[in-house]
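Since the structure comes first, as structure tokens, the remarks are kept for the end.
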Amino acid sequence: MPLGRFAPSPTGLLHLGNLRTALASWLSARAVGGGWIVRMEDVDGPRCRRELGEAQLRDLDALGLVSDVPVVWQSDRGSAYREALAALQAGDLLYPCLCTRKDLQTLASAPHAEDGLRPYPGRCRERDWEGFDRALRLRLPEGPVAWEDRLLGPQMDDPGALTGDPLLFRRDGCFAYHLAVAVDDGAKGVTEVVRGADLRPVTATHIRLQEALGLPRPAYAHLGLVAAPEGGRLGKRAGALGLEALAERGVSAEAVLGWLGWSLGCLERPEPCRAEDLAPRFDWRRVPPGEVRVPAAWA
Ligand SMILES: [Zn+2]
């Protein structure tokens, strides 16, 4: 069965960009009778807070977007990530990285860097295995990865140039984002990943990691970002564009859904509606691939 997911980090309240991604992932799954789950990506230690995750879930609820199964919190999934690391180590695919943050800043010549992404130059690649108490990186195979994006069409990326060997386990004992994403999508049988275009550059790396773990490859769709009314990054204002802040300005959840649905090609004009009204009208061919600008009256 098709299975979509929405996987926010509980480091703040959901803003319009997050809500648009959530709705698109839900619509894409529901439009074909598929399932939909929510996962909290809270492996990033102290920046993640349980109560922010709970608030995010209440906002999704208010839009009618409810996970089919109990929400997975990645902070509960340590044993699964540890098993995955052990499997990668058994295949000689991990090596310890002793680089400090400062080393990495000095080393990174970033000709392909997008959005601040700096490829790891592989300085520690030849180091011998030293155990699970070191930072660990995946040894990426050489060469580009071809993949198909539901929204952007055929893609071809060299993960070595975009991320370099990804960090899977951090020196402070936290499992890294890339590992948790691949393991959890695989464990739940996620067949479709819908997320913001800011994550497009890590997709080839995620595909390599899925291959290394023997996991199937989901379909991908990377949505254009929600931009300020005059274009460009929302910046600080993004924080003020959550459901609660909009409600204080008299914008209802149904009005937000109408605008989001319109921005995803489901409606001729933004008009208040419910999520289930939008599902039968959703079609990736009608979703505009570029950025969408928030209404000036809301920003
Ligand atoms: Zn290193």
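Just remember, in the structure tokens the first chain shown is A, the second B, etc., residues are 1-based per chain, and ligands are 1-based in the order shown.
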Enumerate as a ChimeraX atom specification the residues within 9 Å of ligand 1, counting only C-alpha atoms and all ligand atoms.
-> /A:95-100,103-104,120-125,127,135-137
Suppose we keep N, CA, C and O atoms; can you now write the selection as a short mmCIF file (atom, residue, chain, number, x, y, z; two decimals), in the first residue's frame?
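Okay, part-v6.cif is ready:
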data_model
loop_
_atom_site.label_atom_id
_atom_site.label_comp_id
_atom_site.auth_asym_id
_atom_site.auth_seq_id
_atom_site.Cartn_x
_atom_site.Cartn_y
_atom_site.Cartn_z
N TYR A 95 33.62 4.31 8.82
CA TYR A 95 34.95 4.62 9.35
C TYR A 95 34.84 5.74 10.36
O TYR A 95 33.89 6.54 10.30
N PRO A 96 35.78 5.77 11.31
CA PRO A 96 35.71 6.80 12.33
C PRO A 96 36.22 8.13 11.78
O PRO A 96 37.18 8.17 11.01
N CYS A 97 35.55 9.21 12.15
CA CYS A 97 35.99 10.54 11.74
C CYS A 97 36.39 11.30 12.99
O CYS A 97 35.57 11.47 13.90
N LEU A 98 37.64 11.75 13.03
CA LEU A 98 38.12 12.45 14.22
C LEU A 98 38.19 13.96 13.98
O LEU A 98 38.75 14.69 14.79
N CYS A 99 37.65 14.41 12.87
CA CYS A 99 37.71 15.84 12.56
C CYS A 99 36.89 16.65 13.57
O CYS A 99 35.78 16.25 13.93
N THR A 100 37.43 17.77 13.95
CA THR A 100 36.67 18.70 14.79
C THR A 100 35.85 19.62 13.88
O THR A 100 36.09 19.68 12.66
N ASP A 103 38.24 21.75 12.06
CA ASP A 103 38.87 21.05 10.93
C ASP A 103 37.97 21.10 9.71
O ASP A 103 38.40 21.38 8.60
N LEU A 104 36.70 20.79 9.95
CA LEU A 104 35.77 20.67 8.83
C LEU A 104 35.57 22.01 8.14
O LEU A 104 35.46 22.08 6.92
N TYR A 120 31.89 16.67 2.94
CA TYR A 120 33.02 16.21 3.73
C TYR A 120 34.09 15.70 2.78
O TYR A 120 33.82 14.87 1.92
N PRO A 121 35.33 16.21 2.90
CA PRO A 121 36.34 15.88 1.90
C PRO A 121 37.00 14.51 2.09
O PRO A 121 37.89 14.15 1.31
N GLY A 122 36.60 13.74 3.07
CA GLY A 122 37.10 12.36 3.17
C GLY A 122 38.43 12.21 3.87
O GLY A 122 39.11 11.19 3.72
N ARG A 123 38.80 13.20 4.68
CA ARG A 123 40.12 13.16 5.30
C ARG A 123 40.37 11.90 6.13
O ARG A 123 41.48 11.41 6.19
N CYS A 124 39.34 11.36 6.78
CA CYS A 124 39.52 10.22 7.69
C CYS A 124 39.23 8.87 7.04
O CYS A 124 39.22 7.84 7.71
N ARG A 125 38.99 8.87 5.74
CA ARG A 125 38.54 7.66 5.05
C ARG A 125 39.43 6.45 5.26
O ARG A 125 38.97 5.32 5.26
N ARG A 127 41.18 5.75 7.87
CA ARG A 127 41.36 5.36 9.28
C ARG A 127 40.80 3.98 9.52
O ARG A 127 39.80 3.58 8.92
N ALA A 135 32.83 9.35 16.28
CA ALA A 135 31.96 9.80 15.18
C ALA A 135 32.18 8.85 14.00
O ALA A 135 33.30 8.45 13.73
N LEU A 136 31.09 8.50 13.30
CA LEU A 136 31.18 7.51 12.23
C LEU A 136 30.60 8.07 10.94
O LEU A 136 29.56 8.73 10.94
N ARG A 137 31.32 7.77 9.85
CA ARG A 137 30.84 8.18 8.53
C ARG A 137 30.64 6.96 7.62
O ARG A 137 31.32 5.96 7.77
#
Would you kindly return, as a PyMOL selection string, each protein, DNA or RNA residue with an atom no farther than 12 Å from any atom of A:Leu140, considering only C-alpha atoms and excluding same-chain residues fewer than 4 positions away?
-> chain A and resi 88+92-95+119-122+125+144-145+158-168+204-212
Could you pull the residues within 10 Å of A:Pro288, counting only C-alpha atoms, minus those fewer than 4 positions along the same chain, as a count of residues only?
-> 9
Stretch 192-279 of chain A: residues DSSP assigns to strand (DSSP E or B), reported as JSON, numbers by chain | {"A": [192, 193, 194, 195, 196, 219, 220, 221, 222, 223, 226, 227]}
Rows by chain and residue number, stretch 144-205 of chain A within 10 Å of stretch 29-33 of chain A, shortest pair, only C-alpha atoms, as CSV:
residue,atom,partner,partner_atom,distance
A:Thr191,CA,A:Ala29,CA,9.4
A:Glu192,CA,A:Ala29,CA,8.0
A:Val194,CA,A:Ala29,CA,9.9
If you measure from atom CA of A:Pro154 to atom CA of A:Ser9, what distance in Å do you get, rounded to one decimal?
-> 28.1 Å
Shell of 12 Å around A:Arg281, only C-alpha atoms, local chain residues under 5 positions omitted, as a PyMOL selection string | chain A and resi 24+27-28+30-32+261-262+264-268+275-276+286-287
Restricting the output to C-alpha atoms, write the selected residues as a PDB file, in the first residue's frame.
ATOM      1  CA  ALA A  24       1.053  17.806   0.257  1.00  0.00           C
ATOM      2  CA  LEU A  27      -2.913  14.639  -0.112  1.00  0.00           C
ATOM      3  CA  SER A  28      -0.508  12.686  -2.276  1.00  0.00           C
ATOM      4  CA  ARG A  30      -4.792   9.951   0.309  1.00  0.00           C
ATOM      5  CA  ALA A  31      -5.408  10.758  -3.377  1.00  0.00           C
ATOM      6  CA  VAL A  32      -4.347   7.179  -4.191  1.00  0.00           C
ATOM      7  CA  GLY A 261      -4.766  23.741  -1.220  1.00  0.00           C
ATOM      8  CA  TRP A 262      -4.824  26.523  -3.812  1.00  0.00           C
ATOM      9  CA  LEU A 264      -0.875  23.007  -4.394  1.00  0.00           C
ATOM     10  CA  GLY A 265      -3.096  23.297  -7.461  1.00  0.00           C
ATOM     11  CA  CYS A 266      -6.264  21.797  -5.889  1.00  0.00           C
ATOM     12  CA  LEU A 267      -8.409  24.953  -5.976  1.00  0.00           C
ATOM     13  CA  GLU A 268      -9.047  27.724  -8.504  1.00  0.00           C
ATOM     14  CA  ALA A 275      -8.440  18.621   3.934  1.00  0.00           C
ATOM     15  CA  GLU A 276     -10.720  15.819   2.759  1.00  0.00           C
ATOM     16  CA  ARG A 286      -0.941  20.581 -11.182  1.00  0.00           C
ATOM     17  CA  VAL A 287       1.458  21.414  -8.342  1.00  0.00           C
TER      18      VAL A 287
END
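Here the residues within stretch 93-147 of chain A that DSSP labels helix (DSSP H, G or I) on the basis of the backbone are Arg101, Lys102, Asp103, Leu104, Gln105, Thr106 and Leu107 of chain A.
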Residues within 12 Å of A:Pro229, only C-alpha atoms, excluding chain neighbours under 2 positions, as a list in words | Val226, Ala227, Gly231, Gly232, Arg233, Leu234, Gly235, Arg237, Ala238, Glu291, Val292, Arg293, Val294, Pro295, Ala296, Ala297, Trp298 and Ala299 of chain A
